[in-house]
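As provided, protein36.cif (mmCIF, C-alpha atoms) reads as follows.
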data_final
loop_
_atom_site.label_atom_id
_atom_site.label_comp_id
_atom_site.auth_asym_id
_atom_site.auth_seq_id
_atom_site.Cartn_x
_atom_site.Cartn_y
_atom_site.Cartn_z
CA MET N 245 -3.70 -10.45 -29.78
CA ALA N 246 -1.57 -13.45 -28.88
CA LYS N 247 -2.64 -15.43 -25.85
CA ALA N 248 -0.59 -14.66 -22.76
CA ASP N 249 1.53 -17.38 -21.23
CA THR N 250 0.48 -18.96 -17.96
CA TYR N 251 3.02 -19.27 -15.18
CA GLN N 252 2.88 -23.08 -15.35
CA ASP N 253 4.39 -22.82 -18.84
CA ILE N 254 7.60 -21.42 -17.36
CA ASN N 255 10.25 -23.00 -15.16
CA PRO N 256 10.09 -20.97 -11.92
CA SER N 257 13.78 -20.81 -11.12
CA ALA N 258 14.34 -17.05 -11.19
CA ALA N 259 15.38 -17.05 -7.56
CA LYS N 260 18.64 -18.57 -8.77
CA ALA N 261 19.11 -16.13 -11.66
CA GLU N 262 22.45 -14.37 -11.66
CA PRO N 263 22.74 -10.86 -13.11
CA ARG N 264 24.29 -10.58 -16.52
CA THR N 265 24.92 -6.85 -16.66
CA GLN N 266 27.18 -5.83 -13.79
CA GLU N 267 30.93 -5.30 -14.00
CA LYS N 268 33.87 -5.33 -11.59
CA ASP N 269 36.11 -2.33 -11.32
CA PRO N 270 39.54 -3.97 -11.96
CA ILE N 271 41.38 -1.49 -9.72
CA MET N 272 39.11 -1.10 -6.73
CA SER N 273 37.41 -4.51 -7.01
CA VAL N 274 34.04 -2.79 -6.63
CA GLU N 275 31.07 -4.09 -8.55
CA THR N 276 29.47 -1.47 -10.78
CA VAL N 277 26.13 -1.35 -12.54
CA ASP N 278 24.10 1.36 -14.20
CA THR N 279 20.91 0.83 -12.19
CA LEU N 280 20.48 -1.03 -8.92
CA VAL N 281 16.99 -2.16 -7.90
CA VAL N 282 16.43 -2.86 -4.20
CA GLY N 283 13.73 -5.47 -3.66
CA ALA N 284 12.39 -8.33 -5.78
CA GLY N 285 8.71 -8.19 -4.99
CA GLN N 286 6.13 -7.20 -7.56
CA ALA N 287 7.68 -3.73 -7.95
CA GLY N 288 11.23 -4.97 -8.44
CA VAL N 289 10.23 -7.67 -10.92
CA ALA N 290 8.08 -5.21 -12.89
CA VAL N 291 10.78 -2.56 -13.23
CA SER N 292 13.38 -5.18 -14.14
CA GLU N 293 11.24 -6.18 -17.11
CA HIS N 294 10.99 -2.58 -18.33
CA LEU N 295 14.67 -1.89 -17.78
CA SER N 296 15.50 -5.04 -19.75
CA ARG N 297 13.28 -3.94 -22.62
CA ASN N 298 14.97 -0.54 -22.57
CA GLY N 299 18.41 -2.11 -22.66
CA VAL N 300 19.43 -0.55 -19.35
CA PRO N 301 22.09 -2.62 -17.51
CA HIS N 302 20.77 -3.35 -14.03
CA LEU N 303 20.84 -5.65 -11.05
CA VAL N 304 18.05 -6.52 -8.61
CA LEU N 305 19.02 -7.30 -5.00
CA GLU N 306 16.63 -9.18 -2.70
CA ARG N 307 17.52 -9.97 0.91
CA ASN N 308 15.35 -13.10 0.97
CA ARG N 309 13.51 -14.77 -1.91
CA ILE N 310 11.47 -13.30 -4.74
CA ALA N 311 8.10 -12.11 -3.35
CA GLU N 312 9.11 -13.25 0.14
CA ARG N 313 6.47 -11.22 1.95
CA TRP N 314 3.71 -13.09 0.13
CA ARG N 315 5.11 -16.35 1.48
CA THR N 316 6.12 -15.64 5.07
CA GLU N 317 4.57 -12.36 6.22
CA ARG N 318 0.89 -13.11 5.61
CA TRP N 319 -1.65 -15.46 7.15
CA ASP N 320 -1.99 -18.98 5.76
CA SER N 321 -5.40 -18.62 4.11
CA LEU N 322 -4.74 -15.27 2.41
CA VAL N 323 -5.80 -14.94 -1.21
CA ALA N 324 -5.46 -12.02 -3.60
CA ASN N 325 -8.06 -9.30 -3.14
CA GLY N 326 -8.67 -9.10 -6.88
CA PRO N 327 -9.59 -11.81 -9.40
CA ALA N 328 -6.86 -13.54 -11.41
CA TRP N 329 -7.87 -11.92 -14.70
CA HIS N 330 -7.23 -8.49 -13.18
CA ASP N 331 -4.43 -8.77 -10.61
CA ARG N 332 -1.57 -9.77 -12.88
CA PHE N 333 1.10 -8.40 -15.19
CA PRO N 334 0.43 -8.21 -18.95
CA GLY N 335 1.74 -11.17 -20.90
CA LEU N 336 1.41 -13.84 -18.20
CA GLU N 337 -1.85 -15.27 -16.93
CA PHE N 338 -2.46 -17.30 -13.80
CA ALA N 339 -3.07 -20.97 -14.48
CA SER N 340 -6.47 -20.86 -12.78
CA ASP N 341 -10.03 -19.75 -13.31
CA PRO N 342 -9.77 -16.09 -14.37
CA ASP N 343 -12.43 -15.17 -11.80
CA ALA N 344 -10.67 -17.03 -8.95
CA PHE N 345 -8.87 -15.31 -6.07
CA VAL N 346 -5.39 -16.80 -6.14
CA SER N 347 -3.67 -18.12 -2.99
CA LYS N 348 -0.68 -16.25 -1.61
CA GLU N 349 1.72 -19.08 -2.51
CA SER N 350 0.48 -19.06 -6.10
CA VAL N 351 0.98 -15.30 -6.26
CA ALA N 352 4.59 -15.69 -5.08
CA ASP N 353 5.19 -18.49 -7.59
CA TYR N 354 3.74 -16.26 -10.30
CA PHE N 355 6.37 -13.57 -9.67
CA VAL N 356 9.16 -16.15 -9.71
CA ALA N 357 7.89 -17.46 -13.04
CA TYR N 358 7.52 -13.97 -14.43
CA ALA N 359 11.11 -13.15 -13.53
CA GLU N 360 12.25 -16.33 -15.25
CA LYS N 361 10.24 -15.39 -18.35
CA PHE N 362 12.67 -12.58 -19.20
CA LYS N 363 15.71 -13.85 -17.24
CA ALA N 364 15.61 -11.07 -14.70
CA PRO N 365 19.07 -10.31 -13.21
CA ILE N 366 17.98 -10.99 -9.63
CA ARG N 367 20.41 -11.87 -6.85
CA CYS N 368 18.72 -13.26 -3.75
CA GLY N 369 20.09 -13.40 -0.22
CA VAL N 370 21.76 -9.99 -0.40
CA GLU N 371 20.67 -7.21 1.96
CA VAL N 372 21.25 -3.56 1.16
CA LYS N 373 22.66 -1.85 4.25
CA SER N 374 23.01 1.72 3.02
CA VAL N 375 22.99 3.92 -0.06
CA GLU N 376 24.92 7.19 -0.17
CA ARG N 377 25.69 9.60 -2.99
CA ASN N 378 29.31 9.64 -4.16
CA GLU N 379 31.28 12.78 -3.37
CA GLY N 380 32.55 14.71 -6.37
CA ARG N 381 31.49 12.15 -8.97
CA PRO N 382 28.27 10.64 -10.30
CA GLY N 383 26.36 7.77 -8.77
CA PHE N 384 25.91 6.08 -5.43
CA ARG N 385 27.88 3.82 -3.13
CA VAL N 386 25.77 0.89 -1.98
CA GLU N 387 26.86 -1.12 1.05
CA THR N 388 25.44 -4.65 0.98
CA SER N 389 25.82 -7.80 3.05
CA GLN N 390 28.13 -9.10 0.31
CA GLY N 391 30.27 -6.06 -0.39
CA VAL N 392 30.12 -2.68 -2.12
CA ILE N 393 28.32 -1.91 -5.36
CA GLU N 394 28.43 1.41 -7.21
CA ALA N 395 25.42 2.42 -9.29
CA ARG N 396 24.44 5.42 -11.36
CA ASN N 397 20.77 4.99 -10.37
CA VAL N 398 19.05 3.36 -7.41
CA ILE N 399 15.41 2.25 -7.42
CA ALA N 400 13.84 1.65 -4.00
CA ALA N 401 11.32 -1.07 -4.88
CA THR N 402 10.68 -2.20 -1.31
CA GLY N 403 6.94 -1.49 -1.42
CA PRO N 404 4.61 -0.07 1.24
CA PHE N 405 4.69 -2.95 3.77
CA GLN N 406 7.98 -2.11 5.47
CA ARG N 407 7.50 -1.52 9.19
CA PRO N 408 4.40 -2.91 10.96
CA ILE N 409 2.63 -0.33 13.10
CA ILE N 410 1.36 -1.30 16.55
CA PRO N 411 -0.03 1.78 18.30
CA ALA N 412 1.29 2.36 21.81
CA VAL N 413 -2.08 1.72 23.46
CA VAL N 414 -1.95 -1.56 25.38
CA PRO N 415 1.30 -2.12 27.31
CA GLU N 416 3.14 -5.43 27.31
CA SER N 417 2.33 -5.70 31.01
CA ALA N 418 -1.37 -6.16 30.14
CA GLY N 419 -0.83 -9.92 30.16
CA VAL N 420 -2.30 -10.68 26.74
CA LEU N 421 -0.63 -11.89 23.55
CA GLN N 422 -0.24 -9.00 21.13
CA MET N 423 0.86 -9.27 17.50
CA HIS N 424 0.63 -7.38 14.24
CA SER N 425 -1.38 -8.96 11.45
CA ASN N 426 1.84 -9.70 9.57
CA HIS N 427 2.72 -12.23 12.29
CA TYR N 428 -0.71 -13.90 12.40
CA ARG N 429 -0.86 -17.23 10.56
CA ASN N 430 -3.95 -19.17 11.65
CA PRO N 431 -6.38 -19.60 14.61
CA GLY N 432 -4.33 -22.45 16.05
CA GLN N 433 -1.49 -20.00 16.71
CA LEU N 434 -3.52 -18.20 19.41
CA PRO N 435 -4.15 -19.29 23.00
CA GLU N 436 -7.58 -20.26 24.27
CA GLY N 437 -9.86 -17.29 24.81
CA ALA N 438 -11.43 -14.36 23.01
CA VAL N 439 -9.61 -12.10 20.54
CA LEU N 440 -9.69 -8.35 19.96
CA VAL N 441 -8.88 -7.47 16.35
CA VAL N 442 -8.05 -3.79 15.88
CA GLY N 443 -8.58 -2.50 12.36
CA ALA N 444 -11.38 -3.36 9.95
CA GLY N 445 -9.67 -3.01 6.60
CA SER N 446 -9.13 -5.99 4.31
CA SER N 447 -6.65 -7.73 6.64
CA GLY N 448 -8.49 -7.12 9.89
CA VAL N 449 -11.92 -8.14 8.67
CA GLN N 450 -10.64 -11.32 6.97
CA ILE N 451 -8.68 -12.40 10.05
CA ALA N 452 -11.61 -11.64 12.37
CA ASP N 453 -13.98 -13.62 10.15
CA GLU N 454 -11.60 -16.57 10.07
CA LEU N 455 -11.36 -16.56 13.87
CA VAL N 456 -15.15 -16.48 14.29
CA ARG N 457 -15.47 -19.44 11.94
CA ALA N 458 -12.87 -21.26 14.05
CA GLY N 459 -15.10 -20.85 17.11
CA LYS N 460 -13.40 -17.86 18.70
CA ARG N 461 -15.27 -15.00 20.33
CA VAL N 462 -14.07 -11.97 18.42
CA TYR N 463 -14.31 -8.25 19.10
CA LEU N 464 -13.60 -6.21 15.95
CA SER N 465 -12.61 -2.56 16.37
CA VAL N 466 -14.07 -0.71 13.38
CA GLY N 467 -12.67 2.63 12.22
CA PRO N 468 -13.45 4.76 9.14
CA HIS N 469 -13.61 2.60 6.01
CA ASP N 470 -14.93 2.18 2.50
CA ARG N 471 -16.56 -1.13 1.64
CA PRO N 472 -17.20 -1.56 -2.09
CA PRO N 473 -19.36 -4.47 -3.24
CA ARG N 474 -17.32 -7.57 -4.03
CA ALA N 475 -19.41 -7.87 -7.17
CA TYR N 476 -22.57 -6.26 -8.52
CA ARG N 477 -24.82 -7.24 -11.39
CA GLY N 478 -22.40 -9.89 -12.58
CA ARG N 479 -19.22 -7.82 -12.51
CA ASP N 480 -16.46 -7.70 -9.87
CA PHE N 481 -15.84 -4.36 -8.21
CA VAL N 482 -12.44 -4.08 -9.93
CA TRP N 483 -14.34 -4.03 -13.24
CA TRP N 484 -16.66 -1.34 -11.97
CA LEU N 485 -13.77 0.80 -10.76
CA GLY N 486 -12.26 0.43 -14.22
CA VAL N 487 -15.26 1.44 -16.31
CA LEU N 488 -16.15 4.21 -13.87
CA ASP N 489 -12.57 5.60 -14.16
CA LYS N 490 -11.94 5.21 -10.43
CA TRP N 491 -8.56 3.49 -10.81
CA ASP N 492 -7.04 6.60 -12.37
CA ALA N 493 -7.87 8.93 -9.49
CA ALA N 494 -4.63 10.81 -8.85
CA ALA N 495 -5.04 11.24 -5.07
CA PRO N 496 -7.42 10.32 -2.27
CA THR N 497 -10.41 12.57 -1.74
CA PRO N 498 -9.44 15.21 0.86
CA GLY N 499 -10.21 13.94 4.35
CA THR N 500 -10.06 10.25 3.37
CA GLU N 501 -6.31 9.71 3.60
CA HIS N 502 -6.71 7.43 6.63
CA VAL N 503 -9.82 5.61 5.40
CA THR N 504 -9.13 1.93 4.83
CA ILE N 505 -10.86 -0.37 2.34
CA ALA N 506 -12.72 -3.47 3.51
CA VAL N 507 -12.79 -5.95 0.64
CA SER N 508 -12.16 -9.69 0.57
CA GLY N 509 -11.51 -12.51 -1.87
CA ALA N 510 -11.81 -15.17 0.86
CA ARG N 511 -14.10 -18.15 0.20
CA GLY N 512 -14.62 -17.15 -3.40
CA GLY N 513 -15.17 -13.49 -2.66
CA GLN N 514 -17.99 -11.95 -0.62
CA THR N 515 -19.00 -8.37 0.07
CA VAL N 516 -17.89 -7.25 3.52
CA ASP N 517 -21.04 -6.36 5.49
CA PHE N 518 -20.44 -5.56 9.15
CA ARG N 519 -24.06 -6.07 10.14
CA ARG N 520 -23.95 -9.54 8.62
CA LEU N 521 -20.70 -10.32 10.40
CA ALA N 522 -22.31 -9.29 13.69
CA SER N 523 -25.27 -11.59 12.97
CA GLU N 524 -22.76 -14.44 12.64
CA GLY N 525 -21.34 -13.83 16.12
CA MET N 526 -18.76 -11.07 15.74
CA VAL N 527 -18.93 -8.24 18.29
CA LEU N 528 -18.33 -4.84 16.69
CA VAL N 529 -16.81 -1.99 18.70
CA GLY N 530 -15.66 1.50 17.81
CA ARG N 531 -12.17 2.76 17.10
CA THR N 532 -9.71 1.73 19.84
CA ASP N 533 -8.60 4.87 21.66
CA GLY N 534 -7.20 3.97 25.07
CA TYR N 535 -6.27 1.53 27.83
CA LYS N 536 -6.12 1.74 31.60
CA ASP N 537 -6.05 -0.84 34.39
CA GLY N 538 -6.88 -3.79 32.17
CA VAL N 539 -9.69 -2.00 30.30
CA VAL N 540 -9.58 -1.07 26.61
CA THR N 541 -11.72 1.91 25.64
CA PHE N 542 -13.40 2.63 22.31
CA ALA N 543 -14.50 5.86 20.65
CA PRO N 544 -18.27 6.48 20.29
CA ASP N 545 -18.01 6.25 16.50
CA LEU N 546 -19.03 2.68 15.64
CA CYS N 547 -22.44 3.50 14.16
CA ASP N 548 -21.07 6.50 12.26
CA ASN N 549 -18.22 4.44 10.80
CA VAL N 550 -20.57 1.67 9.69
CA ALA N 551 -23.03 4.21 8.24
CA ARG N 552 -20.29 5.92 6.23
CA GLY N 553 -19.14 2.54 4.92
CA ASP N 554 -22.72 1.74 3.92
CA ALA N 555 -23.00 5.07 2.13
CA ASN N 556 -19.83 4.31 0.18
CA TYR N 557 -21.20 0.89 -0.76
CA LEU N 558 -24.53 2.31 -1.97
CA SER N 559 -22.78 5.07 -3.93
CA VAL N 560 -20.94 2.43 -5.98
CA LEU N 561 -24.24 0.64 -6.69
CA ASP N 562 -25.83 3.92 -7.76
CA GLU N 563 -22.96 4.78 -10.10
CA ALA N 564 -23.02 1.25 -11.54
CA ASP N 565 -26.78 1.42 -12.20
CA ALA N 566 -26.39 4.81 -13.86
CA TYR N 567 -23.57 3.47 -16.04
CA ILE N 568 -25.68 0.50 -17.12
CA ALA N 569 -28.63 2.73 -18.02
CA ARG N 570 -26.47 5.27 -19.83
CA ASN N 571 -24.76 2.62 -21.96
CA GLY N 572 -27.76 0.38 -22.57
CA LEU N 573 -26.15 -2.70 -20.98
CA THR N 574 -28.21 -5.82 -20.22
CA LEU N 575 -26.59 -6.91 -16.98
CA PRO N 576 -28.91 -8.76 -14.59
CA GLU N 577 -30.83 -6.84 -11.94
CA GLU N 578 -29.66 -7.42 -8.37
CA PRO N 579 -32.17 -5.88 -5.92
CA GLU N 580 -30.94 -8.08 -3.05
CA ALA N 581 -27.65 -6.13 -3.12
CA ARG N 582 -29.50 -3.28 -1.40
CA LYS N 583 -30.75 -5.44 1.44
CA VAL N 584 -29.90 -4.00 4.86
CA TRP N 585 -29.28 -6.46 7.65
CA PRO N 586 -30.99 -5.71 10.97
CA GLU N 587 -29.07 -3.56 13.40
CA PRO N 588 -27.20 -5.88 15.78
CA ASP N 589 -27.20 -5.40 19.52
CA CYS N 590 -23.54 -4.37 19.49
CA MET N 591 -24.52 -1.35 17.36
CA ALA N 592 -27.73 -0.58 19.24
CA HIS N 593 -25.81 -0.65 22.52
CA PRO N 594 -22.15 -0.02 21.63
CA ILE N 595 -19.46 -1.23 24.03
CA ARG N 596 -17.32 1.68 25.19
CA ASP N 597 -15.17 -0.18 27.74
CA LEU N 598 -13.88 -3.74 27.51
CA ASP N 599 -12.34 -5.35 30.60
CA LEU N 600 -9.99 -7.81 28.93
CA ALA N 601 -9.89 -10.28 31.82
CA LYS N 602 -13.66 -10.30 32.40
CA ALA N 603 -14.30 -10.67 28.65
CA GLY N 604 -11.80 -13.52 28.46
CA VAL N 605 -9.66 -11.71 25.88
CA THR N 606 -6.25 -13.37 25.69
CA SER N 607 -5.03 -12.04 22.32
CA ILE N 608 -4.98 -8.73 20.45
CA ILE N 609 -4.24 -8.63 16.73
CA TRP N 610 -3.30 -5.21 15.40
CA ALA N 611 -4.33 -4.91 11.74
CA THR N 612 -3.20 -1.30 11.79
CA GLY N 613 -1.07 -0.98 8.70
CA TYR N 614 2.55 -0.20 8.00
CA ALA N 615 4.98 2.71 7.98
CA LEU N 616 7.61 3.40 5.37
CA ASP N 617 11.21 2.80 6.44
CA PHE N 618 13.94 4.12 4.19
CA GLY N 619 16.59 4.44 6.89
CA TRP N 620 19.07 2.69 4.59
CA LEU N 621 18.62 5.28 1.84
CA LYS N 622 20.81 8.14 3.04
CA VAL N 623 20.03 10.76 0.40
CA ASP N 624 18.14 14.05 0.31
CA ALA N 625 14.90 12.64 -1.03
CA PHE N 626 12.51 12.88 1.92
CA ASP N 627 10.32 15.46 3.61
CA GLU N 628 10.37 16.29 7.32
CA LYS N 629 8.11 13.29 8.04
CA GLY N 630 10.36 10.86 6.20
CA LYS N 631 8.07 10.49 3.20
CA PRO N 632 9.60 10.30 -0.27
CA ARG N 633 9.51 13.49 -2.31
CA HIS N 634 8.83 12.35 -5.84
CA GLN N 635 6.74 12.78 -8.97
CA ARG N 636 5.36 9.42 -10.15
CA GLY N 637 8.37 7.71 -8.58
CA VAL N 638 11.02 10.11 -9.89
CA SER N 639 12.73 11.49 -6.80
CA VAL N 640 13.83 15.05 -6.21
CA GLU N 641 17.30 13.51 -5.73
CA PRO N 642 18.58 12.85 -9.28
CA GLY N 643 19.26 9.17 -9.83
CA VAL N 644 16.99 7.97 -7.00
CA TYR N 645 13.61 6.41 -7.78
CA PHE N 646 10.74 4.93 -5.78
CA LEU N 647 8.38 2.18 -6.80
CA GLY N 648 5.46 0.40 -5.16
CA LEU N 649 4.21 3.30 -3.06
CA PRO N 650 0.47 3.68 -2.40
CA TRP N 651 -1.01 6.32 -4.73
CA GLN N 652 2.36 6.61 -6.46
CA SER N 653 0.64 7.85 -9.60
CA ARG N 654 -2.99 6.80 -9.14
CA ARG N 655 -5.37 4.74 -7.03
CA GLY N 656 -4.37 1.59 -8.90
CA SER N 657 -0.68 1.90 -7.95
CA SER N 658 -1.05 -0.54 -5.04
CA PHE N 659 -2.30 -3.33 -7.29
CA ILE N 660 -0.13 -5.75 -9.24
CA TRP N 661 -1.15 -4.33 -12.61
CA GLY N 662 -0.81 -0.76 -11.34
CA VAL N 663 2.78 -1.13 -10.21
CA TRP N 664 3.66 -2.57 -13.63
CA HIS N 665 2.55 0.67 -15.31
CA ASP N 666 4.33 2.81 -12.70
CA ALA N 667 7.48 0.76 -13.32
CA LYS N 668 7.34 1.56 -17.03
CA HIS N 669 7.32 5.28 -16.29
CA VAL N 670 10.35 4.94 -13.99
CA ALA N 671 12.29 2.78 -16.46
CA ASP N 672 11.52 5.15 -19.34
CA HIS N 673 12.74 8.11 -17.28
CA ILE N 674 16.01 6.28 -16.58
CA LEU N 675 16.45 5.52 -20.30
CA THR N 676 15.85 9.16 -21.23
CA ARG N 677 18.35 10.32 -18.62
CA LEU N 678 20.87 7.73 -19.83
CA THR N 679 20.53 9.07 -23.37
CA TYR N 680 21.50 12.56 -22.22
CA LEU N 681 24.40 11.25 -20.14
CA ASN N 682 25.70 9.16 -23.03
CA TYR N 683 25.66 12.22 -25.29
CA SER N 684 27.60 14.16 -22.66
CA ALA N 685 30.27 11.46 -22.59
CA TYR N 686 30.41 11.46 -26.39
CA ALA N 687 30.73 15.26 -26.54
CA ASP N 688 33.50 15.27 -23.94
CA SER N 689 35.41 12.59 -25.86
CA LYS N 690 35.01 14.50 -29.09
CA ALA N 691 36.28 17.70 -27.49
CA LYS N 692 39.39 15.95 -26.13
CA SER N 693 40.26 14.48 -29.52
CA ALA N 694 39.87 17.81 -31.33
#
Could the structure of this file be written out as structure tokens, please?
Amino acid sequence: MAKADTYQDINPSAAKAEPRTQEKDPIMSVETVDTLVVGAGQAGVAVSEHLSRNGVPHLVLERNRIAERWRTERWDSLVANGPAWHDRFPGLEFASDPDAFVSKESVADYFVAYAEKFKAPIRCGVEVKSVERNEGRPGFRVETSQGVIEARNVIAATGPFQRPIIPAVVPESAGVLQMHSNHYRNPGQLPEGAVLVVGAGSSGVQIADELVRAGKRVYLSVGPHDRPPRAYRGRDFVWWLGVLDKWDAAAPTPGTEHVTIAVSGARGGQTVDFRRLASEGMVLVGRTDGYKDGVVTFAPDLCDNVARGDANYLSVLDEADAYIARNGLTLPEEPEARKVWPEPDCMAHPIRDLDLAKAGVTSIIWATGYALDFGWLKVDAFDEKGKPRHQRGVSVEPGVYFLGLPWQSRRGSSFIWGVWHDAKHVADHILTRLTYLNYSAYADSKAKSA
């Protein structure tokens, strides 16, 4: 197998790439293209590669820059949650240690270089305002900030991080700075005083840990979570999920749809252990469930949430040990991985009420996830809750496709490599559909000439 390129081998100028496949309608002066891709993040770049390989004329529109969210909607110290050897597209390696956790800027540069590798027809600085199906003829009318485009197919490749969710718990009148994690950049951004971080998934726990290390007093609100080992017996957890066939799970286990994952690549990658974090000065509290008269209240579920996370962690170790024994592998023993830190005082005596003023809390960071927002896509492709109706990205509305959704086809769909495989399925479906449509046009022409 030929060695993959590294992104430093390629001139990263794809943000300037102009599409080579669109046409102008000479009568109506409307730009036309077979397939329009909305968004040039990892999903948009991936599907552009597959469409190019399939010979499907297409155009990718991006309202900002390629992979913009990696650059400007994440905190400064963010790194990828998976090692470089794993979290990438086929055919292009990161120019770093394969086991390193790449910085967010390097990830964004990687996607720019990847787009340049195959001359992706990406047009930056163009926002899609609306998409509507044409009346009485095929395709869609797409209103953009630079005019109208007509397309036979539309791929919504805007990903899962569309609209930050801040629960309506603490009112603005509370007198504290409140922000979603997508607006947090670094500890220096916050005023003097303690911080309440709500949400203990990957974002929340990394931000809380960074603030503790910066000398802040931090309260971390911990809800239901899984916490796989960062590595075990010499292999990263992404490797274990691969050999244990966890990446191909088609859907979350019933009852775990709202369970987040606490994993981190920060500082070279360490297993998230809430007891250890508490021993280093973090104050753990339960799930945030209310506010009144300056007091935030927490559910009595802290110990249960931590215990369930521990059980998940130990289950991965058990499955890994069984796999090693079954296959006769000689990976090193790691008994210290089963060490249990002492129960901290904040778990022995959980805080149920936190008076923000008395505790000196001046900031709340909501690491509470995102909602989908397809308000611009005005087609019959959604259920009553606004969620896309699709099968592996192929919408119930013919000609409309989705890409980059969590669990789009499997557990791995949210990862860089996973979206690449989902993109291939979408692009292949478009090619198959195009083949049928081209035959229809040929048959009609033949009938007219008979």
Option closest in space to Gly459 of chain N, from N:Gly437, N:Gly443, N:Pro576, N:Pro472 [counting only C-alpha atoms]: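 The closest residue to Gly459 of chain N is N:Gly437.
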Nearest residue to Ile393 of chain N from the set N:Gln652, N:Thr276, N:Gln450, N:Ser350 (distances using all atoms listed in the file): N:Thr276
Selection result of the PyMOL selection byres ((chain N and resi 528) around 7) on this file, as a list in words: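 When the PyMOL selection byres ((chain N and resi 528) around 7) is applied, the selected residues are Tyr463, Leu464, Ser465, Val466, Ala522, Met526, Val527, Val529, Gly530 and Cys590 of chain N.
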Residues within 12 Å of (-27.5, 2.0, -13.4), counting only C-alpha atoms, listed as a list in words: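 The requested residues, written out, are Tyr476, Arg477, Trp484, Leu488, Leu558, Ser559, Val560, Leu561, Asp562, Glu563, Ala564, Asp565, Ala566, Tyr567, Ile568, Ala569, Arg570, Asn571, Gly572, Leu573, Thr574, Leu575, Pro576, Glu577, Glu578 and Pro579 of chain N.
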Hey, can you spit out that residue selection with C-alpha atoms as an mmCIF file, keeping the file's coordinate frame?
data_model
loop_
_atom_site.group_PDB
_atom_site.id
_atom_site.type_symbol
_atom_site.label_atom_id
_atom_site.label_comp_id
_atom_site.auth_asym_id
_atom_site.auth_seq_id
_atom_site.Cartn_x
_atom_site.Cartn_y
_atom_site.Cartn_z
ATOM 1 C CA TYR N 476 -22.570 -6.260 -8.520
ATOM 2 C CA ARG N 477 -24.820 -7.240 -11.390
ATOM 3 C CA TRP N 484 -16.660 -1.340 -11.970
ATOM 4 C CA LEU N 488 -16.150 4.210 -13.870
ATOM 5 C CA LEU N 558 -24.530 2.310 -1.970
ATOM 6 C CA SER N 559 -22.780 5.070 -3.930
ATOM 7 C CA VAL N 560 -20.940 2.430 -5.980
ATOM 8 C CA LEU N 561 -24.240 0.640 -6.690
ATOM 9 C CA ASP N 562 -25.830 3.920 -7.760
ATOM 10 C CA GLU N 563 -22.960 4.780 -10.100
ATOM 11 C CA ALA N 564 -23.020 1.250 -11.540
ATOM 12 C CA ASP N 565 -26.780 1.420 -12.200
ATOM 13 C CA ALA N 566 -26.390 4.810 -13.860
ATOM 14 C CA TYR N 567 -23.570 3.470 -16.040
ATOM 15 C CA ILE N 568 -25.680 0.500 -17.120
ATOM 16 C CA ALA N 569 -28.630 2.730 -18.020
ATOM 17 C CA ARG N 570 -26.470 5.270 -19.830
ATOM 18 C CA ASN N 571 -24.760 2.620 -21.960
ATOM 19 C CA GLY N 572 -27.760 0.380 -22.570
ATOM 20 C CA LEU N 573 -26.150 -2.700 -20.980
ATOM 21 C CA THR N 574 -28.210 -5.820 -20.220
ATOM 22 C CA LEU N 575 -26.590 -6.910 -16.980
ATOM 23 C CA PRO N 576 -28.910 -8.760 -14.590
ATOM 24 C CA GLU N 577 -30.830 -6.840 -11.940
ATOM 25 C CA GLU N 578 -29.660 -7.420 -8.370
ATOM 26 C CA PRO N 579 -32.170 -5.880 -5.920
#
Residue IDs satisfying the PyMOL selection byres ((chain N and resi 607-624) around 7), as a PyMOL selection string: chain N and resi 373-377+404-410+420-425+434+438-443+447-448+605-606+625-626+641
Residues near Glu312 of chain N, cut-off 10 Å, all atoms listed in the file, skip fewer than 2 positions along chain, as a ChimeraX atom specification: /N:283-285,306-310,314-318,349,352
Explicit residues for the PyMOL selection byres ((chain N and resi 554) around 12) (as a PyMOL selection string): chain N and resi 468-473+506+515-519+547-553+555-561+581-585
Using only C-alpha atoms, please write the residues we just selected to a file, as a tab-separated table (two decimals), keeping the file's coordinate frame.
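So selection_2.tsv came out as:
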chain	number	residue	atom	x	y	z
N	468	PRO	CA	-13.45	4.76	9.14
N	469	HIS	CA	-13.61	2.60	6.01
N	470	ASP	CA	-14.93	2.18	2.50
N	471	ARG	CA	-16.56	-1.13	1.64
N	472	PRO	CA	-17.20	-1.56	-2.09
N	473	PRO	CA	-19.36	-4.47	-3.24
N	506	ALA	CA	-12.72	-3.47	3.51
N	515	THR	CA	-19.00	-8.37	0.07
N	516	VAL	CA	-17.89	-7.25	3.52
N	517	ASP	CA	-21.04	-6.36	5.49
N	518	PHE	CA	-20.44	-5.56	9.15
N	519	ARG	CA	-24.06	-6.07	10.14
N	547	CYS	CA	-22.44	3.50	14.16
N	548	ASP	CA	-21.07	6.50	12.26
N	549	ASN	CA	-18.22	4.44	10.80
N	550	VAL	CA	-20.57	1.67	9.69
N	551	ALA	CA	-23.03	4.21	8.24
N	552	ARG	CA	-20.29	5.92	6.23
N	553	GLY	CA	-19.14	2.54	4.92
N	555	ALA	CA	-23.00	5.07	2.13
N	556	ASN	CA	-19.83	4.31	0.18
N	557	TYR	CA	-21.20	0.89	-0.76
N	558	LEU	CA	-24.53	2.31	-1.97
N	559	SER	CA	-22.78	5.07	-3.93
N	560	VAL	CA	-20.94	2.43	-5.98
N	561	LEU	CA	-24.24	0.64	-6.69
N	581	ALA	CA	-27.65	-6.13	-3.12
N	582	ARG	CA	-29.50	-3.28	-1.40
N	583	LYS	CA	-30.75	-5.44	1.44
N	584	VAL	CA	-29.90	-4.00	4.86
N	585	TRP	CA	-29.28	-6.46	7.65
